[in-house]
Amino acid sequence: MYTEKVMDYFMNPRNMGEIEDASAVGLVGNAKCGDIMKMFLDIDDETGIIRNAKFKTFGCGAAVATSSISTEMIIGKTIHEALAVTNASVTEALDGLPPLKVHCSVLAEEAIRSALWDYAQKKGITIEGLEEPKTTDHHNHDV
Ligand code: FES
């Protein structure tokens, strides 16, 4: 049912945890299952390059795998490049997900966008192509 890659990222998640003094934090929830994802980014203000990314999730195995691989897909990338990471590209990077689990990959995409939105708010900048996430709530949850 799950690809080897999904199993690998679930069993050995890369970049799980928190970044202290992160430049940005994103928090999103999945309405379908109630799972939560938190994404921490360390961004170089000069170059806009994402130096580091970590995640924490109260989510299923597919949520762990998709968010883990999504952190790898954005580290070393610019903010703009990170916006190109979608649930489809994350799912593809994992060699696919069972149809019932595709919504879990949406959590990864939304967590990145939520964190980038947080960054834009903190810096007072506009990031082209990024709209305010509907589910952002940075202050009232502690995952
Ligand atoms: Fe909730 Fe996968 S079932 S994120």
# chains A, B, ... in the order shown; residues from 1 in each chain; ligands from 1
$ residues_near_ligand --ligand "ligand 1" --cutoff "10 Å" --atoms "only C-alpha atoms and all ligand atoms" --output "PDB file with N, CA, C and O atoms, in the first residue's frame"
ATOM      1  N   GLY A  29      -3.821  22.822  10.270  1.00  0.00           N
ATOM      2  CA  GLY A  29      -4.570  21.647  10.670  1.00  0.00           C
ATOM      3  C   GLY A  29      -5.312  21.082   9.475  1.00  0.00           C
ATOM      4  O   GLY A  29      -5.608  21.799   8.524  1.00  0.00           O
ATOM      5  N   ASN A  30      -5.565  19.797   9.525  1.00  0.00           N
ATOM      6  CA  ASN A  30      -6.303  19.148   8.458  1.00  0.00           C
ATOM      7  C   ASN A  30      -7.729  18.895   8.931  1.00  0.00           C
ATOM      8  O   ASN A  30      -7.948  18.133   9.880  1.00  0.00           O
ATOM      9  N   ALA A  31      -8.658  19.551   8.263  1.00  0.00           N
ATOM     10  CA  ALA A  31     -10.046  19.458   8.700  1.00  0.00           C
ATOM     11  C   ALA A  31     -10.592  18.040   8.588  1.00  0.00           C
ATOM     12  O   ALA A  31     -11.473  17.646   9.338  1.00  0.00           O
ATOM     13  N   LYS A  32     -10.048  17.264   7.652  1.00  0.00           N
ATOM     14  CA  LYS A  32     -10.584  15.916   7.423  1.00  0.00           C
ATOM     15  C   LYS A  32     -10.288  14.969   8.581  1.00  0.00           C
ATOM     16  O   LYS A  32     -11.091  14.112   8.909  1.00  0.00           O
ATOM     17  N   CYS A  33      -9.093  15.090   9.149  1.00  0.00           N
ATOM     18  CA  CYS A  33      -8.706  14.105  10.158  1.00  0.00           C
ATOM     19  C   CYS A  33      -8.366  14.737  11.501  1.00  0.00           C
ATOM     20  O   CYS A  33      -8.169  14.024  12.483  1.00  0.00           O
ATOM     21  N   GLY A  34      -8.259  16.078  11.521  1.00  0.00           N
ATOM     22  CA  GLY A  34      -7.943  16.744  12.775  1.00  0.00           C
ATOM     23  C   GLY A  34      -6.461  16.772  13.092  1.00  0.00           C
ATOM     24  O   GLY A  34      -6.058  17.211  14.169  1.00  0.00           O
ATOM     25  N   ASP A  35      -5.630  16.298  12.177  1.00  0.00           N
ATOM     26  CA  ASP A  35      -4.191  16.294  12.428  1.00  0.00           C
ATOM     27  C   ASP A  35      -3.592  17.689  12.277  1.00  0.00           C
ATOM     28  O   ASP A  35      -4.127  18.532  11.566  1.00  0.00           O
ATOM     29  N   ILE A  36      -2.466  17.878  12.950  1.00  0.00           N
ATOM     30  CA  ILE A  36      -1.831  19.201  13.003  1.00  0.00           C
ATOM     31  C   ILE A  36      -0.377  19.097  12.558  1.00  0.00           C
ATOM     32  O   ILE A  36       0.287  18.101  12.847  1.00  0.00           O
ATOM     33  N   MET A  37       0.076  20.138  11.900  1.00  0.00           N
ATOM     34  CA  MET A  37       1.464  20.174  11.450  1.00  0.00           C
ATOM     35  C   MET A  37       2.076  21.533  11.765  1.00  0.00           C
ATOM     36  O   MET A  37       1.457  22.570  11.543  1.00  0.00           O
ATOM     37  N   THR A  57       4.704  17.042  13.911  1.00  0.00           N
ATOM     38  CA  THR A  57       3.319  16.775  13.530  1.00  0.00           C
ATOM     39  C   THR A  57       2.617  15.850  14.506  1.00  0.00           C
ATOM     40  O   THR A  57       3.223  14.971  15.109  1.00  0.00           O
ATOM     41  N   PHE A  58       1.350  16.138  14.648  1.00  0.00           N
ATOM     42  CA  PHE A  58       0.409  15.257  15.300  1.00  0.00           C
ATOM     43  C   PHE A  58      -0.356  14.655  14.151  1.00  0.00           C
ATOM     44  O   PHE A  58      -1.459  15.045  13.874  1.00  0.00           O
ATOM     45  N   GLY A  59       0.280  13.773  13.416  1.00  0.00           N
ATOM     46  CA  GLY A  59      -0.378  13.308  12.204  1.00  0.00           C
ATOM     47  C   GLY A  59      -0.055  11.870  11.922  1.00  0.00           C
ATOM     48  O   GLY A  59       0.722  11.236  12.627  1.00  0.00           O
ATOM     49  N   CYS A  60      -0.648  11.377  10.869  1.00  0.00           N
ATOM     50  CA  CYS A  60      -0.466   9.979  10.498  1.00  0.00           C
ATOM     51  C   CYS A  60       0.895   9.763   9.849  1.00  0.00           C
ATOM     52  O   CYS A  60       1.648  10.708   9.622  1.00  0.00           O
ATOM     53  N   GLY A  61       1.185   8.521   9.505  1.00  0.00           N
ATOM     54  CA  GLY A  61       2.458   8.192   8.884  1.00  0.00           C
ATOM     55  C   GLY A  61       2.694   8.933   7.583  1.00  0.00           C
ATOM     56  O   GLY A  61       3.804   9.385   7.304  1.00  0.00           O
ATOM     57  N   ALA A  62       1.649   9.086   6.802  1.00  0.00           N
ATOM     58  CA  ALA A  62       1.798   9.796   5.529  1.00  0.00           C
ATOM     59  C   ALA A  62       2.096  11.273   5.773  1.00  0.00           C
ATOM     60  O   ALA A  62       2.842  11.897   5.019  1.00  0.00           O
ATOM     61  N   ALA A  63       1.540  11.820   6.843  1.00  0.00           N
ATOM     62  CA  ALA A  63       1.820  13.219   7.187  1.00  0.00           C
ATOM     63  C   ALA A  63       3.275  13.373   7.609  1.00  0.00           C
ATOM     64  O   ALA A  63       3.945  14.344   7.241  1.00  0.00           O
ATOM     65  N   VAL A  64       3.780  12.412   8.359  1.00  0.00           N
ATOM     66  CA  VAL A  64       5.188  12.444   8.769  1.00  0.00           C
ATOM     67  C   VAL A  64       6.082  12.375   7.535  1.00  0.00           C
ATOM     68  O   VAL A  64       6.999  13.183   7.356  1.00  0.00           O
ATOM     69  N   ALA A  65       5.796  11.419   6.658  1.00  0.00           N
ATOM     70  CA  ALA A  65       6.643  11.226   5.472  1.00  0.00           C
ATOM     71  C   ALA A  65       6.596  12.438   4.545  1.00  0.00           C
ATOM     72  O   ALA A  65       7.632  12.902   4.071  1.00  0.00           O
ATOM     73  N   THR A  66       5.401  12.973   4.313  1.00  0.00           N
ATOM     74  CA  THR A  66       5.308  14.091   3.370  1.00  0.00           C
ATOM     75  C   THR A  66       5.956  15.347   3.941  1.00  0.00           C
ATOM     76  O   THR A  66       6.643  16.072   3.228  1.00  0.00           O
ATOM     77  N   SER A  67       5.763  15.598   5.229  1.00  0.00           N
ATOM     78  CA  SER A  67       6.374  16.820   5.762  1.00  0.00           C
ATOM     79  C   SER A  67       7.881  16.655   5.868  1.00  0.00           C
ATOM     80  O   SER A  67       8.627  17.605   5.626  1.00  0.00           O
ATOM     81  N   LEU A 100      -6.361   7.497  -0.501  1.00  0.00           N
ATOM     82  CA  LEU A 100      -6.979   7.961   0.744  1.00  0.00           C
ATOM     83  C   LEU A 100      -6.050   8.852   1.550  1.00  0.00           C
ATOM     84  O   LEU A 100      -6.469   9.517   2.500  1.00  0.00           O
ATOM     85  N   LYS A 101      -4.760   8.838   1.199  1.00  0.00           N
ATOM     86  CA  LYS A 101      -3.762   9.554   1.990  1.00  0.00           C
ATOM     87  C   LYS A 101      -3.262  10.814   1.310  1.00  0.00           C
ATOM     88  O   LYS A 101      -2.367  11.482   1.826  1.00  0.00           O
ATOM     89  N   VAL A 102      -3.843  11.123   0.164  1.00  0.00           N
ATOM     90  CA  VAL A 102      -3.351  12.292  -0.568  1.00  0.00           C
ATOM     91  C   VAL A 102      -3.589  13.582   0.222  1.00  0.00           C
ATOM     92  O   VAL A 102      -2.772  14.490   0.210  1.00  0.00           O
ATOM     93  N   HIS A 103      -4.686  13.624   0.956  1.00  0.00           N
ATOM     94  CA  HIS A 103      -4.968  14.851   1.707  1.00  0.00           C
ATOM     95  C   HIS A 103      -3.886  15.132   2.756  1.00  0.00           C
ATOM     96  O   HIS A 103      -3.689  16.264   3.166  1.00  0.00           O
ATOM     97  N   CYS A 104      -3.186  14.099   3.195  1.00  0.00           N
ATOM     98  CA  CYS A 104      -2.132  14.281   4.194  1.00  0.00           C
ATOM     99  C   CYS A 104      -0.978  15.106   3.622  1.00  0.00           C
ATOM    100  O   CYS A 104      -0.336  15.866   4.344  1.00  0.00           O
ATOM    101  N   SER A 105      -0.739  14.940   2.323  1.00  0.00           N
ATOM    102  CA  SER A 105       0.357  15.688   1.712  1.00  0.00           C
ATOM    103  C   SER A 105       0.011  17.171   1.587  1.00  0.00           C
ATOM    104  O   SER A 105       0.893  18.011   1.469  1.00  0.00           O
ATOM    105  N   VAL A 106      -1.286  17.468   1.606  1.00  0.00           N
ATOM    106  CA  VAL A 106      -1.710  18.865   1.541  1.00  0.00           C
ATOM    107  C   VAL A 106      -1.235  19.611   2.797  1.00  0.00           C
ATOM    108  O   VAL A 106      -0.893  20.791   2.761  1.00  0.00           O
ATOM    109  N   LEU A 107      -1.201  18.874   3.895  1.00  0.00           N
ATOM    110  CA  LEU A 107      -0.752  19.458   5.156  1.00  0.00           C
ATOM    111  C   LEU A 107       0.687  19.988   5.031  1.00  0.00           C
ATOM    112  O   LEU A 107       1.009  21.062   5.541  1.00  0.00           O
ATOM    113  N   ALA A 108       1.535  19.230   4.345  1.00  0.00           N
ATOM    114  CA  ALA A 108       2.932  19.645   4.173  1.00  0.00           C
ATOM    115  C   ALA A 108       3.016  20.933   3.361  1.00  0.00           C
ATOM    116  O   ALA A 108       3.702  21.891   3.744  1.00  0.00           O
TER     117      ALA A 108
END
$ residues_around --residues "Gln121 in chain A" --least-positions-apart "6" --cutoff "12 Å" --atoms "only C-alpha atoms" --output "PyMOL selection string"
chain A and resi 23-26+114-115+127+130-133+136+138
$ write_last_selection --atoms "N, CA and C atoms" --output "PDB file, in the first residue's frame"
ATOM      1  N   SER A  23      13.108  31.749  12.039  1.00  0.00           N
ATOM      2  CA  SER A  23      12.688  32.982  11.356  1.00  0.00           C
ATOM      3  C   SER A  23      11.186  32.984  11.167  1.00  0.00           C
ATOM      4  N   ALA A  24      10.616  31.800  11.043  1.00  0.00           N
ATOM      5  CA  ALA A  24       9.189  31.699  10.773  1.00  0.00           C
ATOM      6  C   ALA A  24       8.658  30.359  11.238  1.00  0.00           C
ATOM      7  N   VAL A  25       7.396  30.387  11.663  1.00  0.00           N
ATOM      8  CA  VAL A  25       6.738  29.154  12.095  1.00  0.00           C
ATOM      9  C   VAL A  25       5.364  29.094  11.428  1.00  0.00           C
ATOM     10  N   GLY A  26       5.051  27.943  10.886  1.00  0.00           N
ATOM     11  CA  GLY A  26       3.734  27.752  10.287  1.00  0.00           C
ATOM     12  C   GLY A  26       2.985  26.688  11.057  1.00  0.00           C
ATOM     13  N   SER A 114       2.198  28.466   5.218  1.00  0.00           N
ATOM     14  CA  SER A 114       1.852  29.152   6.464  1.00  0.00           C
ATOM     15  C   SER A 114       3.107  29.742   7.112  1.00  0.00           C
ATOM     16  N   ALA A 115       4.212  29.001   7.076  1.00  0.00           N
ATOM     17  CA  ALA A 115       5.459  29.505   7.652  1.00  0.00           C
ATOM     18  C   ALA A 115       5.982  30.688   6.832  1.00  0.00           C
ATOM     19  N   ILE A 127       5.261  38.435  -0.455  1.00  0.00           N
ATOM     20  CA  ILE A 127       5.859  37.355  -1.231  1.00  0.00           C
ATOM     21  C   ILE A 127       4.922  37.063  -2.383  1.00  0.00           C
ATOM     22  N   LEU A 130       1.921  34.338  -2.853  1.00  0.00           N
ATOM     23  CA  LEU A 130       1.545  33.778  -1.548  1.00  0.00           C
ATOM     24  C   LEU A 130       0.376  34.541  -0.950  1.00  0.00           C
ATOM     25  N   GLU A 131      -0.690  33.820  -0.675  1.00  0.00           N
ATOM     26  CA  GLU A 131      -1.855  34.437  -0.049  1.00  0.00           C
ATOM     27  C   GLU A 131      -1.962  34.011   1.403  1.00  0.00           C
ATOM     28  N   GLU A 132      -2.688  34.777   2.166  1.00  0.00           N
ATOM     29  CA  GLU A 132      -2.834  34.445   3.577  1.00  0.00           C
ATOM     30  C   GLU A 132      -3.487  33.074   3.730  1.00  0.00           C
ATOM     31  N   PRO A 133      -2.838  32.186   4.479  1.00  0.00           N
ATOM     32  CA  PRO A 133      -3.439  30.856   4.679  1.00  0.00           C
ATOM     33  C   PRO A 133      -4.685  30.969   5.546  1.00  0.00           C
ATOM     34  N   THR A 136      -4.161  29.622   9.376  1.00  0.00           N
ATOM     35  CA  THR A 136      -3.042  30.049  10.219  1.00  0.00           C
ATOM     36  C   THR A 136      -3.511  30.486  11.597  1.00  0.00           C
ATOM     37  N   HIS A 138      -0.994  31.150  14.782  1.00  0.00           N
ATOM     38  CA  HIS A 138       0.338  30.924  15.338  1.00  0.00           C
ATOM     39  C   HIS A 138       0.401  30.989  16.853  1.00  0.00           C
TER      40      HIS A 138
END
$ select_by_dssp --residues "chain A" --states "strand (DSSP E or B)" --output "ChimeraX atom specification"
/A:16,24-29,36-43,49-58,78
$ residues_around --residues "Ile50 in chain A" --least-positions-apart "3" --cutoff "12 Å" --atoms "only C-alpha atoms" --output "JSON, numbers by chain"
{"A": [22, 23, 24, 40, 41, 42, 43, 44, 45, 46, 47, 53, 54, 71, 72, 73, 74, 75, 76, 77, 78, 79, 80, 81, 82, 83, 112, 115, 116, 119]}
